[in-house]
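Asker: Contents are PDB, C-alpha atoms and all ligand atoms; file name model-v3.pdb:
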```pdb
MODEL        1
ATOM      1  CA  MET A   1     -20.862 164.087  25.387  1.00  0.00           C
ATOM      2  CA  THR A   2     -21.438 164.590  29.080  1.00  0.00           C
ATOM      3  CA  ALA A   3     -18.593 163.705  31.369  1.00  0.00           C
ATOM      4  CA  THR A   4     -19.373 162.202  34.724  1.00  0.00           C
ATOM      5  CA  ILE A   5     -18.899 164.741  37.476  1.00  0.00           C
ATOM      6  CA  THR A   6     -17.167 163.445  40.562  1.00  0.00           C
ATOM      7  CA  TRP A   7     -17.585 165.612  43.641  1.00  0.00           C
ATOM      8  CA  VAL A   8     -15.270 165.759  46.640  1.00  0.00           C
ATOM      9  CA  ASP A   9     -18.501 165.388  48.637  1.00  0.00           C
ATOM     10  CA  PRO A  10     -21.802 165.144  46.721  1.00  0.00           C
ATOM     11  CA  SER A  11     -23.754 166.237  49.811  1.00  0.00           C
ATOM     12  CA  LEU A  12     -22.314 169.751  49.433  1.00  0.00           C
ATOM     13  CA  VAL A  13     -24.635 170.454  46.512  1.00  0.00           C
ATOM     14  CA  ILE A  14     -28.345 170.103  45.780  1.00  0.00           C
ATOM     15  CA  ASP A  15     -27.822 168.023  42.629  1.00  0.00           C
ATOM     16  CA  PRO A  16     -24.303 166.656  42.029  1.00  0.00           C
ATOM     17  CA  THR A  17     -25.211 165.813  38.423  1.00  0.00           C
ATOM     18  CA  ALA A  18     -26.436 169.313  37.507  1.00  0.00           C
ATOM     19  CA  SER A  19     -24.311 171.751  35.550  1.00  0.00           C
ATOM     20  CA  ASP A  20     -25.983 174.641  37.401  1.00  0.00           C
ATOM     21  CA  VAL A  21     -24.476 174.129  40.808  1.00  0.00           C
ATOM     22  CA  GLN A  22     -26.276 175.128  43.988  1.00  0.00           C
ATOM     23  CA  LEU A  23     -24.823 174.607  47.442  1.00  0.00           C
ATOM     24  CA  ALA A  24     -26.971 172.612  49.861  1.00  0.00           C
ATOM     25  CA  GLY A  25     -27.481 174.393  53.161  1.00  0.00           C
ATOM     26  CA  ALA A  26     -29.515 173.455  56.202  1.00  0.00           C
ATOM     27  CA  ARG A  27     -32.257 175.662  57.617  1.00  0.00           C
ATOM     28  CA  CYS A  28     -33.636 175.128  61.090  1.00  0.00           C
ATOM     29  CA  THR A  29     -37.424 174.923  60.898  1.00  0.00           C
ATOM     30  CA  ALA A  30     -37.694 176.172  64.497  1.00  0.00           C
ATOM     31  CA  CYS A  31     -35.607 179.375  64.377  1.00  0.00           C
ATOM     32  CA  GLY A  32     -34.711 179.823  60.694  1.00  0.00           C
ATOM     33  CA  THR A  33     -30.929 179.722  61.186  1.00  0.00           C
ATOM     34  CA  THR A  34     -29.189 178.663  57.969  1.00  0.00           C
ATOM     35  CA  MET A  35     -25.939 176.697  57.940  1.00  0.00           C
ATOM     36  CA  PHE A  36     -23.447 175.319  55.447  1.00  0.00           C
ATOM     37  CA  PRO A  37     -22.433 172.606  55.072  1.00  0.00           C
ATOM     38  CA  PHE A  38     -25.567 170.694  56.044  1.00  0.00           C
ATOM     39  CA  LEU A  39     -25.877 169.913  59.746  1.00  0.00           C
ATOM     40  CA  GLY A  40     -28.392 167.622  61.405  1.00  0.00           C
ATOM     41  CA  GLY A  41     -28.922 169.967  64.330  1.00  0.00           C
ATOM     42  CA  CYS A  42     -29.161 173.695  64.978  1.00  0.00           C
ATOM     43  CA  PRO A  43     -26.214 175.229  66.898  1.00  0.00           C
ATOM     44  CA  LYS A  44     -28.370 178.241  67.813  1.00  0.00           C
ATOM     45  CA  CYS A  45     -31.527 176.745  69.330  1.00  0.00           C
ATOM     46  CA  GLY A  46     -30.681 173.037  69.586  1.00  0.00           C
ATOM     47  CA  GLY A  47     -33.498 172.114  67.206  1.00  0.00           C
ATOM     48  CA  SER A  48     -33.099 168.931  65.186  1.00  0.00           C
ATOM     49  CA  ASP A  49     -35.635 169.513  62.396  1.00  0.00           C
ATOM     50  CA  MET A  50     -33.479 170.800  59.543  1.00  0.00           C
ATOM     51  CA  GLU A  51     -34.598 171.332  55.973  1.00  0.00           C
ATOM     52  CA  ARG A  52     -32.241 171.164  53.018  1.00  0.00           C
ATOM     53  CA  VAL A  53     -32.203 174.471  51.130  1.00  0.00           C
ATOM     54  CA  ALA A  54     -30.469 175.698  47.978  1.00  0.00           C
ATOM     55  CA  LEU A  55     -28.198 178.600  48.868  1.00  0.00           C
ATOM     56  CA  PRO A  56     -27.843 181.689  46.661  1.00  0.00           C
ATOM     57  CA  THR A  57     -25.135 181.372  43.991  1.00  0.00           C
ATOM     58  CA  THR A  58     -23.919 184.943  44.413  1.00  0.00           C
ATOM     59  CA  GLY A  59     -22.738 186.914  47.405  1.00  0.00           C
ATOM     60  CA  THR A  60     -20.076 189.303  48.632  1.00  0.00           C
ATOM     61  CA  LEU A  61     -16.555 188.643  49.854  1.00  0.00           C
ATOM     62  CA  TRP A  62     -16.544 188.943  53.657  1.00  0.00           C
ATOM     63  CA  SER A  63     -12.939 187.941  54.364  1.00  0.00           C
ATOM     64  CA  TYR A  64     -10.060 186.359  52.463  1.00  0.00           C
ATOM     65  CA  THR A  65      -6.466 185.247  52.526  1.00  0.00           C
ATOM     66  CA  VAL A  66      -4.093 183.293  50.310  1.00  0.00           C
ATOM     67  CA  GLN A  67      -2.767 179.837  51.215  1.00  0.00           C
ATOM     68  CA  TYR A  68       0.872 180.077  50.095  1.00  0.00           C
ATOM     69  CA  PHE A  69       2.114 176.669  51.226  1.00  0.00           C
ATOM     70  CA  GLU A  70       0.732 173.185  50.704  1.00  0.00           C
ATOM     71  CA  PRO A  71      -1.538 172.090  53.568  1.00  0.00           C
ATOM     72  CA  LYS A  72      -0.648 168.882  55.402  1.00  0.00           C
ATOM     73  CA  ALA A  73      -2.371 165.562  54.633  1.00  0.00           C
ATOM     74  CA  PRO A  74      -5.179 164.698  54.166  1.00  0.00           C
ATOM     75  CA  TYR A  75      -5.092 167.705  51.803  1.00  0.00           C
ATOM     76  CA  ARG A  76      -5.130 166.646  48.163  1.00  0.00           C
ATOM     77  CA  GLY A  77      -4.536 169.144  45.415  1.00  0.00           C
ATOM     78  CA  LEU A  78      -3.311 169.518  41.901  1.00  0.00           C
ATOM     79  CA  GLU A  79       0.396 168.970  41.278  1.00  0.00           C
ATOM     80  CA  PRO A  80       2.482 171.019  41.402  1.00  0.00           C
ATOM     81  CA  PHE A  81       1.011 172.978  44.322  1.00  0.00           C
ATOM     82  CA  GLU A  82      -0.071 176.502  43.516  1.00  0.00           C
ATOM     83  CA  PRO A  83      -1.103 179.061  46.132  1.00  0.00           C
ATOM     84  CA  PHE A  84      -4.881 179.465  46.312  1.00  0.00           C
ATOM     85  CA  GLY A  85      -7.278 181.987  47.750  1.00  0.00           C
ATOM     86  CA  VAL A  86      -9.615 181.087  50.584  1.00  0.00           C
ATOM     87  CA  GLY A  87     -12.292 183.199  52.146  1.00  0.00           C
ATOM     88  CA  TYR A  88     -15.774 183.642  53.438  1.00  0.00           C
ATOM     89  CA  VAL A  89     -18.536 184.689  51.072  1.00  0.00           C
ATOM     90  CA  ASP A  90     -21.652 186.247  52.582  1.00  0.00           C
ATOM     91  CA  LEU A  91     -24.705 184.762  50.876  1.00  0.00           C
ATOM     92  CA  GLY A  92     -27.200 186.717  52.979  1.00  0.00           C
ATOM     93  CA  ASP A  93     -28.472 184.083  55.403  1.00  0.00           C
ATOM     94  CA  VAL A  94     -25.122 182.385  55.832  1.00  0.00           C
ATOM     95  CA  CYS A  95     -21.383 182.963  55.367  1.00  0.00           C
ATOM     96  CA  VAL A  96     -19.690 180.136  53.473  1.00  0.00           C
ATOM     97  CA  GLU A  97     -16.024 179.195  53.858  1.00  0.00           C
ATOM     98  CA  THR A  98     -14.729 178.586  50.354  1.00  0.00           C
ATOM     99  CA  ARG A  99     -11.868 178.294  47.938  1.00  0.00           C
ATOM    100  CA  LEU A 100     -11.465 181.366  45.731  1.00  0.00           C
ATOM    101  CA  THR A 101     -10.479 181.195  42.075  1.00  0.00           C
ATOM    102  CA  VAL A 102      -8.157 184.158  42.572  1.00  0.00           C
ATOM    103  CA  ASN A 103      -4.829 183.814  44.418  1.00  0.00           C
ATOM    104  CA  ASP A 104      -3.660 187.407  43.973  1.00  0.00           C
ATOM    105  CA  PRO A 105      -4.621 189.469  47.041  1.00  0.00           C
ATOM    106  CA  ALA A 106      -4.405 192.630  44.915  1.00  0.00           C
ATOM    107  CA  ALA A 107      -7.300 191.282  42.820  1.00  0.00           C
ATOM    108  CA  LEU A 108      -9.525 190.767  45.880  1.00  0.00           C
ATOM    109  CA  SER A 109     -11.303 193.296  48.064  1.00  0.00           C
ATOM    110  CA  LEU A 110     -13.829 193.150  50.853  1.00  0.00           C
ATOM    111  CA  ASN A 111     -17.491 193.238  49.770  1.00  0.00           C
ATOM    112  CA  MET A 112     -16.676 192.519  46.133  1.00  0.00           C
ATOM    113  CA  PRO A 113     -19.454 190.594  44.331  1.00  0.00           C
ATOM    114  CA  MET A 114     -18.709 186.875  43.984  1.00  0.00           C
ATOM    115  CA  ARG A 115     -20.355 184.007  42.137  1.00  0.00           C
ATOM    116  CA  LEU A 116     -20.366 180.258  42.664  1.00  0.00           C
ATOM    117  CA  VAL A 117     -18.282 178.146  40.258  1.00  0.00           C
ATOM    118  CA  THR A 118     -16.766 174.681  40.250  1.00  0.00           C
ATOM    119  CA  ILE A 119     -13.059 173.857  40.159  1.00  0.00           C
ATOM    120  CA  THR A 120     -11.000 170.703  39.951  1.00  0.00           C
ATOM    121  CA  ALA A 121      -9.797 169.990  43.486  1.00  0.00           C
ATOM    122  CA  PHE A 122      -7.473 167.138  42.551  1.00  0.00           C
ATOM    123  CA  LEU A 123      -7.123 164.236  40.157  1.00  0.00           C
ATOM    124  CA  ASP A 124      -8.097 160.716  41.160  1.00  0.00           C
ATOM    125  CA  GLY A 125      -5.961 158.841  38.651  1.00  0.00           C
ATOM    126  CA  ASP A 126      -6.874 160.864  35.567  1.00  0.00           C
ATOM    127  CA  GLN A 127     -10.418 161.589  36.781  1.00  0.00           C
ATOM    128  CA  PRO A 128     -10.961 165.208  37.911  1.00  0.00           C
ATOM    129  CA  VAL A 129     -12.620 165.521  41.301  1.00  0.00           C
ATOM    130  CA  GLN A 130     -14.665 168.670  41.591  1.00  0.00           C
ATOM    131  CA  THR A 131     -15.415 171.050  44.389  1.00  0.00           C
ATOM    132  CA  PHE A 132     -17.028 174.465  44.665  1.00  0.00           C
ATOM    133  CA  ALA A 133     -15.291 177.817  44.727  1.00  0.00           C
ATOM    134  CA  PHE A 134     -16.227 181.449  44.370  1.00  0.00           C
ATOM    135  CA  ALA A 135     -14.967 183.734  41.618  1.00  0.00           C
ATOM    136  CA  PRO A 136     -15.143 187.514  41.304  1.00  0.00           C
ATOM    137  CA  GLN A 137     -18.425 188.205  39.539  1.00  0.00           C
ATOM    138  CA  GLU A 138     -16.858 190.240  36.727  1.00  0.00           C
ATOM    139  CA  ASP A 139     -14.379 187.441  35.986  1.00  0.00           C
ATOM    140  CA  LYS A 140     -16.001 185.407  33.206  1.00  0.00           C
ATOM    141  CA  SER A 141     -13.247 182.814  32.881  1.00  0.00           C
TER     142      SER A 141
HETATM  143 ZN    ZN B   1     -32.655 176.663  65.344  1.00  0.00          ZN
ENDMDL
END
```
Let me see the file written as C-alpha cells.

Answerer:
Amino acid sequence: MTATITWVDPSLVIDPTASDVQLAGARCTACGTTMFPFLGGCPKCGGSDMERVALPTTGTLWSYTVQYFEPKAPYRGLEPFEPFGVGYVDLGDVCVETRLTVNDPAALSLNMPMRLVTITAFLDGDQPVQTFAFAPQEDKS
C-alpha cells in the first residue's frame, strides 16, 4: 500500500510523488548560478530564463545551530515541541538552508557528509505533512 505523500510545498522537489526525493533548484541559463528554492529570476545577473534542475542529494554541513524554543506562528510543528537542528548544507553549486535530523550539537560538525531525507513537519489532522531535511550520512535511521 502506498500512502499519499503530502508536502509542505510540492514545488520544493522535482517529483512530490517519488520516494527518491530530489530538491528542485533553479539554474540561470545566462550565468549558470544555481538557487534553492526555485526563483523566477537570477539575483546575480538579473536574467529571467531559469531552468529547473535536480540538486544533488548529498553534500557537506556548512553551518548549523539548534532551535531550542518553538518559533512563532505561522510555524507548525509536531506536538510537543522538540528542539531541532537547522543548518546550511553545501551541495556544490548551491548552499541549502535546511532542517537537520540531529538536534544534538555534539553529534554535528562542520564539513560532515550529509544526505537528503524526508521528515514529518507537522500533522494536518492525522495526515502527516512532509518536508525535506538532511541527516548525517552515516546515520541510517
Ligand atoms: Zn544569472

Asker: If the PyMOL selection byres (((not hetatm)) within 7 of (chain B and resi 1)) were run on this exact file, what residues would it hold? Put them as a list in words.

Answerer: Cys28, Thr29, Ala30, Cys31, Gly32, Thr33, Cys42, Pro43, Lys44, Cys45, Gly46 and Gly47 of chain A

Asker: Counting all atoms listed in the file, which residues of region 87-139 of chain A fall within 8 Å of region 48-63 of chain A, and what is the closest atom pair for each with its distance in Å at one decimal, ordered by chain and rising number, as CSV?

Answerer:
```
residue,atom,partner,partner_atom,distance
A:Gly87,CA,A:Ser63,CA,5.3
A:Tyr88,CA,A:Ser63,CA,5.2
A:Val89,CA,A:Leu61,CA,4.6
A:Asp90,CA,A:Thr60,CA,5.2
A:Leu91,CA,A:Gly59,CA,4.5
A:Gly92,CA,A:Gly59,CA,7.1
A:Cys95,CA,A:Trp62,CA,7.9
A:Ser109,CA,A:Leu61,CA,7.2
A:Leu110,CA,A:Leu61,CA,5.4
A:Asn111,CA,A:Leu61,CA,4.7
A:Met112,CA,A:Thr60,CA,5.3
A:Pro113,CA,A:Thr60,CA,4.5
A:Met114,CA,A:Gly59,CA,5.3
A:Arg115,CA,A:Thr58,CA,4.3
A:Leu116,CA,A:Thr57,CA,5.1
```

Asker: Taking the file above as input, evaluate the PyMOL selection byres (((chain A and resi 66) around 8) and not hetatm) and report the hits as a list of chain:residue names.

Answerer: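 On this input, the PyMOL selection byres (((chain A and resi 66) around 8) and not hetatm) captures A:Tyr64, A:Thr65, A:Gln67, A:Tyr68, A:Pro83, A:Phe84, A:Gly85, A:Val86, A:Asn103, A:Asp104, A:Pro105.
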
Asker: So the first atom is CA of Ala26 (chain A) and the second is CA of Glu138 (chain A); what is the distance between them in Å, to one decimal place?

Answerer: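 Between these atoms lies a distance of 28.7 Å.
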
Asker: Would you compute the box with edges along x, y and z of the file around region 89-102 of chain A, including every atom the file lists for it and 8 Å extra on each side, and give its centre and edge lengths in Å to one decimal, as AutoDock Vina command-line options?

Answerer:
```
--center_x -18.3 --center_y 182.5 --center_z 49.0 --size_x 36.3 --size_y 24.4 --size_z 29.8
```

Asker: Give me the residues near Val129 (chain A) as a list in words, where near means some atom within 12 Å (using all atoms listed in the file) and where sequence neighbours in that chain fewer than 3 positions away do not count.

Answerer: Ala3, Thr4, Ile5, Thr6, Trp7, Val8, Asp9, Pro10, Pro16, Arg76, Gly77, Leu78, Thr118, Ile119, Thr120, Ala121, Phe122, Leu123, Asp124, Gly125, Asp126 and Phe132 of chain A

Asker: Go ahead and dump the residues you just picked, C-alpha atoms, as an mmCIF file, in the frame of the given file.

Answerer:
```cif
data_model
loop_
_atom_site.group_PDB
_atom_site.id
_atom_site.type_symbol
_atom_site.label_atom_id
_atom_site.label_comp_id
_atom_site.auth_asym_id
_atom_site.auth_seq_id
_atom_site.Cartn_x
_atom_site.Cartn_y
_atom_site.Cartn_z
ATOM 1 C CA ALA A 3 -18.593 163.705 31.369
ATOM 2 C CA THR A 4 -19.373 162.202 34.724
ATOM 3 C CA ILE A 5 -18.899 164.741 37.476
ATOM 4 C CA THR A 6 -17.167 163.445 40.562
ATOM 5 C CA TRP A 7 -17.585 165.612 43.641
ATOM 6 C CA VAL A 8 -15.270 165.759 46.640
ATOM 7 C CA ASP A 9 -18.501 165.388 48.637
ATOM 8 C CA PRO A 10 -21.802 165.144 46.721
ATOM 9 C CA PRO A 16 -24.303 166.656 42.029
ATOM 10 C CA ARG A 76 -5.130 166.646 48.163
ATOM 11 C CA GLY A 77 -4.536 169.144 45.415
ATOM 12 C CA LEU A 78 -3.311 169.518 41.901
ATOM 13 C CA THR A 118 -16.766 174.681 40.250
ATOM 14 C CA ILE A 119 -13.059 173.857 40.159
ATOM 15 C CA THR A 120 -11.000 170.703 39.951
ATOM 16 C CA ALA A 121 -9.797 169.990 43.486
ATOM 17 C CA PHE A 122 -7.473 167.138 42.551
ATOM 18 C CA LEU A 123 -7.123 164.236 40.157
ATOM 19 C CA ASP A 124 -8.097 160.716 41.160
ATOM 20 C CA GLY A 125 -5.961 158.841 38.651
ATOM 21 C CA ASP A 126 -6.874 160.864 35.567
ATOM 22 C CA PHE A 132 -17.028 174.465 44.665
#
```

Asker: Just give me the gap between CA of Ala24 (chain A) and CA of Leu100 (chain A) in Å, one decimal is fine.

Answerer: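 One can read the CA of Ala24 (chain A) to CA of Leu100 (chain A) distance as 18.3 Å.
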
Asker: What does the distance from CA of Ser11 (chain A) to CA of Thr101 (chain A) come to in Å, to one decimal?

Answerer: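 These atoms are spaced 21.4 Å apart.
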
Asker: What do you get, as a ChimeraX atom specification, if you spell out every residue that the PyMOL selection byres (((chain A and resi 38) around 7) and not hetatm) selects here?

Answerer: /A:24-26,35-37,39-40

Asker: Select, from A:Pro136, A:Asp20, A:Leu12, A:Pro74, the residue with the minimum atom-to-atom distance to Val96 (chain A), counting all atoms listed in the file.

Answerer: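 Among A:Pro136, A:Asp20, A:Leu12, A:Pro74, it is A:Leu12 that comes nearest to Val96 (chain A).
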